[in-house]
Amino acid sequence: MSNSKKVVLAYSGGLDTSYCVAYLKNELNLEVHTVLVETGGFTQEELDEVEEKALSLGASSHKTIDKVDDFYQQIIRYLVYGNVLKNHTYPLSVSAERVSQAIAVAEYAQQLDADYIAHGSTGAGNDQIRFDLVFNVMVPDLEILTPIRDQKLSREEEVEFLKGYGVDLDWEEAQYSVNKGLWGTTVGGAETLTSHLPLPNDAWPSQLEKNGSEIVELEFDKGEIVGVGGRSMSSVEAIRTLDELGSSYAIGRDVHVGDTIIGIKGRVGFEAAAPLIIINAHRQLEKHTLTKWQLYWKDQLGEWYGQMLHEGQFLDPVMRNIEAFMEDTQEAVSGTVKVSLHPYRYEILGISSDNDLMQSSFGDYGEMNKAWSGDDVKGFSKILSNQINLHRSVHNES
């Protein structure tokens, strides 16, 4: 039985976290327990390979925690309710899942009664803040160990260190860094370090498989997607089904440019067929079923929610307040949205809903008024102009 102190390490199977296993075990003499939090990005074969690698590097144990359903229930559905696209572009694919993963790692560290908690982030990105912030809230008594960030290591130095301990795996660097999850895939490479170069076609994980077009119906119940193409299914299954279908048309490719938490600009490619189609279909359904001021305040709070989530502030209690508001607005957001899929693009064709406010007997826009007279409108318009006329009079404006 080891008397070493225990550290729980968020482990992905890549070079950085593999270095952390060897360093924490061999240099700091810690009992390393690795954990991978699955949020929709791994096959079972890949999960088995990650576990095998962790144990071969010297981890005392490895655990895979499936959080896909929790990830949807606790985060993704609110991103849909709020139609959250950072900078009107990016569906927060990585930011959302990192928060979910950090929470699960912290909970696991508590279960193991760990002495330390660790992650493999560098000092240059957003993930270090997201992990640190969640750990500081959930396990404030545990020291956070970050070997890669603290030592500012190059890839070559990490490989040489591992070789020194007899670890000589194939660490061939992929040309593009790809991070896949339930809510989209990010792609980084030499081009995304520039401001002017696009990602080449072969950098995208999904390639065009279908030509022509097809129409698919998406079913929503109180703001949640619950059916695709006439088949009822769980929201997670619906996301996966639509993502597979949309990706076959190479839909969902874009490049996001935004402000990182640490203040520098960042640029990343992403592929998110299902998130983009779902959010825009949901937004269209809301335009028909919600009032003007419901839509207005949802836009304000949805953007704020996305910004807070992006910066790792998911545990702030104001997030629960915003979630309560957004969920309450979804009571009438049920119906079917018809979408046309084409190579590299999609169109929202229309909606059908029992709660469609265009079905009102009050009138048809631009055609016929049924619930007011012309004199009603004249009086309304005159009253509405009062304050403008008062201002112009006071300031002597002709």
# chains A, B, ... in the order shown; residues from 1 in each chain; ligands from 1
$ residues_around --residues "stretch 319-328 of chain A" --least-positions-apart "6" --cutoff "12 Å" --atoms "only C-alpha atoms" --output "ChimeraX atom specification"
/A:73-84,221-224,286,290,294-309,312-313
$ residues_around --residues "A:His196" --least-positions-apart "5" --cutoff "12 Å" --atoms "only C-alpha atoms" --output "PyMOL selection string"
chain A and resi 190-191+255+257+267
$ residues_around --residues "A:Thr241" --least-positions-apart "6" --cutoff "12 Å" --atoms "only C-alpha atoms" --output "ChimeraX atom specification"
/A:182,216,218,225-229,231-235,247-248,273-275,278
$ atom_distance --atom1 "atom CA of A:Leu142" --atom2 "atom CA of A:Lys5"
11.7 Å
$ residues_around --residues "A:Val339" --least-positions-apart "4" --cutoff "8 Å" --atoms "only C-alpha atoms" --output "ChimeraX atom specification"
/A:215-218,281,346-350
$ write_last_selection --atoms "all heavy atoms" --output "CSV table (one decimal), in the first residue's frame"
chain,number,residue,atom,x,y,z
A,215,ILE,N,-34.7,17.9,-47.2
A,215,ILE,CA,-35.5,18.6,-46.2
A,215,ILE,C,-35.6,17.7,-44.9
A,215,ILE,O,-36.0,16.5,-45.0
A,215,ILE,CB,-36.8,19.1,-46.7
A,215,ILE,CG1,-36.7,20.1,-47.8
A,215,ILE,CG2,-37.7,19.7,-45.5
A,215,ILE,CD1,-38.0,20.5,-48.5
A,216,VAL,N,-35.3,18.3,-43.8
A,216,VAL,CA,-35.5,17.5,-42.5
A,216,VAL,C,-36.3,18.4,-41.6
A,216,VAL,O,-36.2,19.6,-41.5
A,216,VAL,CB,-34.1,17.2,-41.9
A,216,VAL,CG1,-33.3,18.5,-41.6
A,216,VAL,CG2,-34.2,16.4,-40.7
A,217,GLU,N,-37.2,17.7,-40.8
A,217,GLU,CA,-38.0,18.4,-39.8
A,217,GLU,C,-37.4,18.1,-38.4
A,217,GLU,O,-37.1,17.0,-38.1
A,217,GLU,CB,-39.4,17.9,-39.9
A,217,GLU,CG,-40.2,18.3,-41.2
A,217,GLU,CD,-41.6,18.0,-41.1
A,217,GLU,OE1,-42.0,17.1,-40.3
A,217,GLU,OE2,-42.4,18.5,-42.0
A,218,LEU,N,-37.3,19.2,-37.7
A,218,LEU,CA,-36.8,19.2,-36.3
A,218,LEU,C,-38.0,19.4,-35.4
A,218,LEU,O,-38.7,20.4,-35.5
A,218,LEU,CB,-35.7,20.2,-36.1
A,218,LEU,CG,-34.5,20.2,-37.1
A,218,LEU,CD1,-33.5,21.3,-36.7
A,218,LEU,CD2,-33.9,18.8,-37.2
A,281,ALA,N,-32.7,27.1,-35.9
A,281,ALA,CA,-34.0,26.6,-36.0
A,281,ALA,C,-34.8,27.0,-34.7
A,281,ALA,O,-36.0,27.4,-34.8
A,281,ALA,CB,-34.0,25.1,-36.1
A,346,TYR,N,-27.3,25.6,-45.1
A,346,TYR,CA,-28.7,25.1,-44.8
A,346,TYR,C,-29.6,26.4,-44.8
A,346,TYR,O,-29.2,27.5,-44.7
A,346,TYR,CB,-28.7,24.4,-43.4
A,346,TYR,CG,-28.4,25.3,-42.2
A,346,TYR,CD1,-29.4,26.0,-41.5
A,346,TYR,CD2,-27.1,25.5,-41.8
A,346,TYR,CE1,-29.1,26.8,-40.5
A,346,TYR,CE2,-26.8,26.4,-40.8
A,346,TYR,CZ,-27.8,27.0,-40.1
A,346,TYR,OH,-27.5,27.9,-39.1
A,347,GLU,N,-30.9,26.1,-44.9
A,347,GLU,CA,-31.9,27.1,-44.9
A,347,GLU,C,-33.0,26.7,-43.9
A,347,GLU,O,-33.4,25.6,-43.9
A,347,GLU,CB,-32.6,27.3,-46.3
A,347,GLU,CG,-31.7,27.8,-47.4
A,347,GLU,CD,-32.5,27.8,-48.7
A,347,GLU,OE1,-33.3,28.8,-48.9
A,347,GLU,OE2,-32.3,26.8,-49.5
A,348,ILE,N,-33.5,27.7,-43.2
A,348,ILE,CA,-34.7,27.5,-42.3
A,348,ILE,C,-35.9,27.8,-43.2
A,348,ILE,O,-36.1,29.0,-43.6
A,348,ILE,CB,-34.7,28.4,-41.1
A,348,ILE,CG1,-33.3,28.2,-40.3
A,348,ILE,CG2,-35.9,28.1,-40.2
A,348,ILE,CD1,-33.1,26.9,-39.7
A,349,LEU,N,-36.8,26.9,-43.5
A,349,LEU,CA,-37.9,27.1,-44.4
A,349,LEU,C,-39.1,27.6,-43.8
A,349,LEU,O,-39.9,28.4,-44.4
A,349,LEU,CB,-38.2,25.8,-45.2
A,349,LEU,CG,-37.0,25.2,-46.0
A,349,LEU,CD1,-37.5,23.9,-46.6
A,349,LEU,CD2,-36.5,26.1,-47.0
A,350,GLY,N,-39.4,27.2,-42.5
A,350,GLY,CA,-40.6,27.6,-41.9
A,350,GLY,C,-40.9,26.8,-40.7
A,350,GLY,O,-40.2,25.8,-40.4
$ select_by_dssp --residues "stretch 163-285 of chain A" --states "strand (DSSP E)" --output "PDB file with C-alpha atoms, in the first residue's frame"
ATOM      1  CA  SER A 177      -5.202  20.114 -33.220  1.00  0.00           C
ATOM      2  CA  VAL A 178      -8.738  18.752 -33.082  1.00  0.00           C
ATOM      3  CA  ASN A 179     -11.009  18.747 -30.022  1.00  0.00           C
ATOM      4  CA  LYS A 180     -14.315  16.929 -30.454  1.00  0.00           C
ATOM      5  CA  GLY A 181     -17.334  16.965 -28.176  1.00  0.00           C
ATOM      6  CA  GLY A 184     -19.004  20.739 -31.799  1.00  0.00           C
ATOM      7  CA  THR A 185     -15.402  20.231 -32.865  1.00  0.00           C
ATOM      8  CA  THR A 186     -12.644  22.843 -32.842  1.00  0.00           C
ATOM      9  CA  VAL A 187      -9.711  22.837 -35.264  1.00  0.00           C
ATOM     10  CA  GLY A 188      -6.457  24.706 -34.705  1.00  0.00           C
ATOM     11  CA  GLU A 214     -32.870  17.262 -48.566  1.00  0.00           C
ATOM     12  CA  ILE A 215     -35.459  18.598 -46.164  1.00  0.00           C
ATOM     13  CA  VAL A 216     -35.453  17.534 -42.530  1.00  0.00           C
ATOM     14  CA  GLU A 217     -37.997  18.373 -39.844  1.00  0.00           C
ATOM     15  CA  LEU A 218     -36.812  19.166 -36.312  1.00  0.00           C
ATOM     16  CA  GLU A 219     -39.244  18.720 -33.457  1.00  0.00           C
ATOM     17  CA  PHE A 220     -38.974  20.951 -30.362  1.00  0.00           C
ATOM     18  CA  ASP A 221     -40.778  20.549 -27.057  1.00  0.00           C
ATOM     19  CA  GLU A 224     -35.586  21.213 -26.415  1.00  0.00           C
ATOM     20  CA  ILE A 225     -34.993  19.266 -29.611  1.00  0.00           C
ATOM     21  CA  VAL A 226     -36.782  15.931 -29.271  1.00  0.00           C
ATOM     22  CA  GLY A 227     -37.062  14.647 -32.823  1.00  0.00           C
ATOM     23  CA  VAL A 228     -35.306  14.573 -36.185  1.00  0.00           C
ATOM     24  CA  ARG A 231     -38.436  10.176 -35.287  1.00  0.00           C
ATOM     25  CA  SER A 232     -38.804  10.964 -31.590  1.00  0.00           C
ATOM     26  CA  ARG A 253     -17.684  25.099 -40.761  1.00  0.00           C
ATOM     27  CA  ASP A 254     -16.573  28.537 -39.617  1.00  0.00           C
ATOM     28  CA  VAL A 255     -13.723  30.419 -37.943  1.00  0.00           C
ATOM     29  CA  HIS A 256     -14.232  32.215 -34.647  1.00  0.00           C
ATOM     30  CA  VAL A 257     -12.201  35.238 -33.600  1.00  0.00           C
ATOM     31  CA  GLY A 258     -12.666  36.424 -30.041  1.00  0.00           C
ATOM     32  CA  ASP A 259     -11.203  37.738 -26.832  1.00  0.00           C
ATOM     33  CA  LYS A 265      -7.239  37.716 -29.245  1.00  0.00           C
ATOM     34  CA  GLY A 266      -7.683  34.117 -30.337  1.00  0.00           C
ATOM     35  CA  ARG A 267      -8.711  32.490 -33.615  1.00  0.00           C
ATOM     36  CA  VAL A 268      -9.962  28.936 -34.044  1.00  0.00           C
ATOM     37  CA  GLY A 269     -11.782  26.925 -36.666  1.00  0.00           C
ATOM     38  CA  PHE A 270     -14.811  24.933 -35.664  1.00  0.00           C
ATOM     39  CA  GLU A 271     -17.213  22.437 -37.150  1.00  0.00           C
TER      40      GLU A 271
END
$ closest_atom_pairs --of "stretch 103-156 of chain A" --to "stretch 35-47 of chain A" --cutoff "9 Å" --atoms "only C-alpha atoms" --output "tab-separated table"
residue	atom	partner	partner_atom	distance
A:Ala104	CA	A:Val37	CA	6.9
A:Val105	CA	A:Val35	CA	6.9
A:Tyr108	CA	A:Val35	CA	8.1
$ select_by_dssp --residues "stretch 193-365 of chain A" --states "alpha helix (DSSP H)" --output "ChimeraX atom specification"
/A:235-247,273-289,292-310,317-329
$ atom_distance --atom1 "atom CA of A:Asn126" --atom2 "atom CA of A:Val167"
29.2 Å
$ residues_around --residues "A:Lys6" --least-positions-apart "6" --cutoff "6 Å" --atoms "only C-alpha atoms" --output "ChimeraX atom specification"
/A:30-31,114-115
$ decode --residues "stretch 86-99 of chain A" --atoms "N, CA, C and O atoms" --output "PDB file, in the first residue's frame"
ATOM      1  N   LYS A  86     -21.199  32.899 -29.417  1.00  0.00           N
ATOM      2  CA  LYS A  86     -20.259  33.953 -29.041  1.00  0.00           C
ATOM      3  C   LYS A  86     -19.835  34.744 -30.270  1.00  0.00           C
ATOM      4  O   LYS A  86     -19.472  34.176 -31.297  1.00  0.00           O
ATOM      5  N   ASN A  87     -19.880  36.058 -30.142  1.00  0.00           N
ATOM      6  CA  ASN A  87     -19.610  36.949 -31.275  1.00  0.00           C
ATOM      7  C   ASN A  87     -20.501  36.603 -32.470  1.00  0.00           C
ATOM      8  O   ASN A  87     -20.085  36.736 -33.623  1.00  0.00           O
ATOM      9  N   HIS A  88     -21.727  36.121 -32.167  1.00  0.00           N
ATOM     10  CA  HIS A  88     -22.713  35.769 -33.194  1.00  0.00           C
ATOM     11  C   HIS A  88     -22.213  34.666 -34.128  1.00  0.00           C
ATOM     12  O   HIS A  88     -22.721  34.524 -35.245  1.00  0.00           O
ATOM     13  N   THR A  89     -21.237  33.883 -33.668  1.00  0.00           N
ATOM     14  CA  THR A  89     -20.594  32.899 -34.540  1.00  0.00           C
ATOM     15  C   THR A  89     -20.430  31.531 -33.889  1.00  0.00           C
ATOM     16  O   THR A  89     -20.844  30.517 -34.450  1.00  0.00           O
ATOM     17  N   TYR A  90     -19.819  31.495 -32.713  1.00  0.00           N
ATOM     18  CA  TYR A  90     -19.276  30.260 -32.141  1.00  0.00           C
ATOM     19  C   TYR A  90     -20.185  29.706 -31.038  1.00  0.00           C
ATOM     20  O   TYR A  90     -20.527  30.425 -30.100  1.00  0.00           O
ATOM     21  N   PRO A  91     -20.583  28.421 -31.121  1.00  0.00           N
ATOM     22  CA  PRO A  91     -21.511  27.862 -30.139  1.00  0.00           C
ATOM     23  C   PRO A  91     -20.881  27.407 -28.817  1.00  0.00           C
ATOM     24  O   PRO A  91     -21.468  26.604 -28.093  1.00  0.00           O
ATOM     25  N   LEU A  92     -19.686  27.914 -28.512  1.00  0.00           N
ATOM     26  CA  LEU A  92     -19.017  27.614 -27.237  1.00  0.00           C
ATOM     27  C   LEU A  92     -18.745  26.120 -27.056  1.00  0.00           C
ATOM     28  O   LEU A  92     -18.911  25.576 -25.966  1.00  0.00           O
ATOM     29  N   SER A  93     -18.307  25.489 -28.115  1.00  0.00           N
ATOM     30  CA  SER A  93     -18.104  24.040 -28.093  1.00  0.00           C
ATOM     31  C   SER A  93     -17.142  23.609 -26.985  1.00  0.00           C
ATOM     32  O   SER A  93     -17.480  22.759 -26.152  1.00  0.00           O
ATOM     33  N   VAL A  94     -15.937  24.185 -26.960  1.00  0.00           N
ATOM     34  CA  VAL A  94     -14.936  23.771 -25.978  1.00  0.00           C
ATOM     35  C   VAL A  94     -15.189  24.400 -24.625  1.00  0.00           C
ATOM     36  O   VAL A  94     -15.101  23.741 -23.592  1.00  0.00           O
ATOM     37  N   SER A  95     -15.518  25.695 -24.593  1.00  0.00           N
ATOM     38  CA  SER A  95     -15.701  26.360 -23.302  1.00  0.00           C
ATOM     39  C   SER A  95     -16.738  25.648 -22.452  1.00  0.00           C
ATOM     40  O   SER A  95     -16.578  25.476 -21.247  1.00  0.00           O
ATOM     41  N   ALA A  96     -17.827  25.230 -23.104  1.00  0.00           N
ATOM     42  CA  ALA A  96     -18.911  24.576 -22.378  1.00  0.00           C
ATOM     43  C   ALA A  96     -18.455  23.240 -21.801  1.00  0.00           C
ATOM     44  O   ALA A  96     -18.718  22.923 -20.630  1.00  0.00           O
ATOM     45  N   GLU A  97     -17.771  22.439 -22.612  1.00  0.00           N
ATOM     46  CA  GLU A  97     -17.413  21.105 -22.125  1.00  0.00           C
ATOM     47  C   GLU A  97     -16.288  21.157 -21.093  1.00  0.00           C
ATOM     48  O   GLU A  97     -16.229  20.329 -20.186  1.00  0.00           O
ATOM     49  N   ARG A  98     -15.388  22.137 -21.173  1.00  0.00           N
ATOM     50  CA  ARG A  98     -14.308  22.230 -20.186  1.00  0.00           C
ATOM     51  C   ARG A  98     -14.863  22.480 -18.785  1.00  0.00           C
ATOM     52  O   ARG A  98     -14.377  21.917 -17.796  1.00  0.00           O
ATOM     53  N   VAL A  99     -15.871  23.324 -18.691  1.00  0.00           N
ATOM     54  CA  VAL A  99     -16.481  23.583 -17.390  1.00  0.00           C
ATOM     55  C   VAL A  99     -17.107  22.307 -16.840  1.00  0.00           C
ATOM     56  O   VAL A  99     -16.931  21.965 -15.663  1.00  0.00           O
TER      57      VAL A  99
END
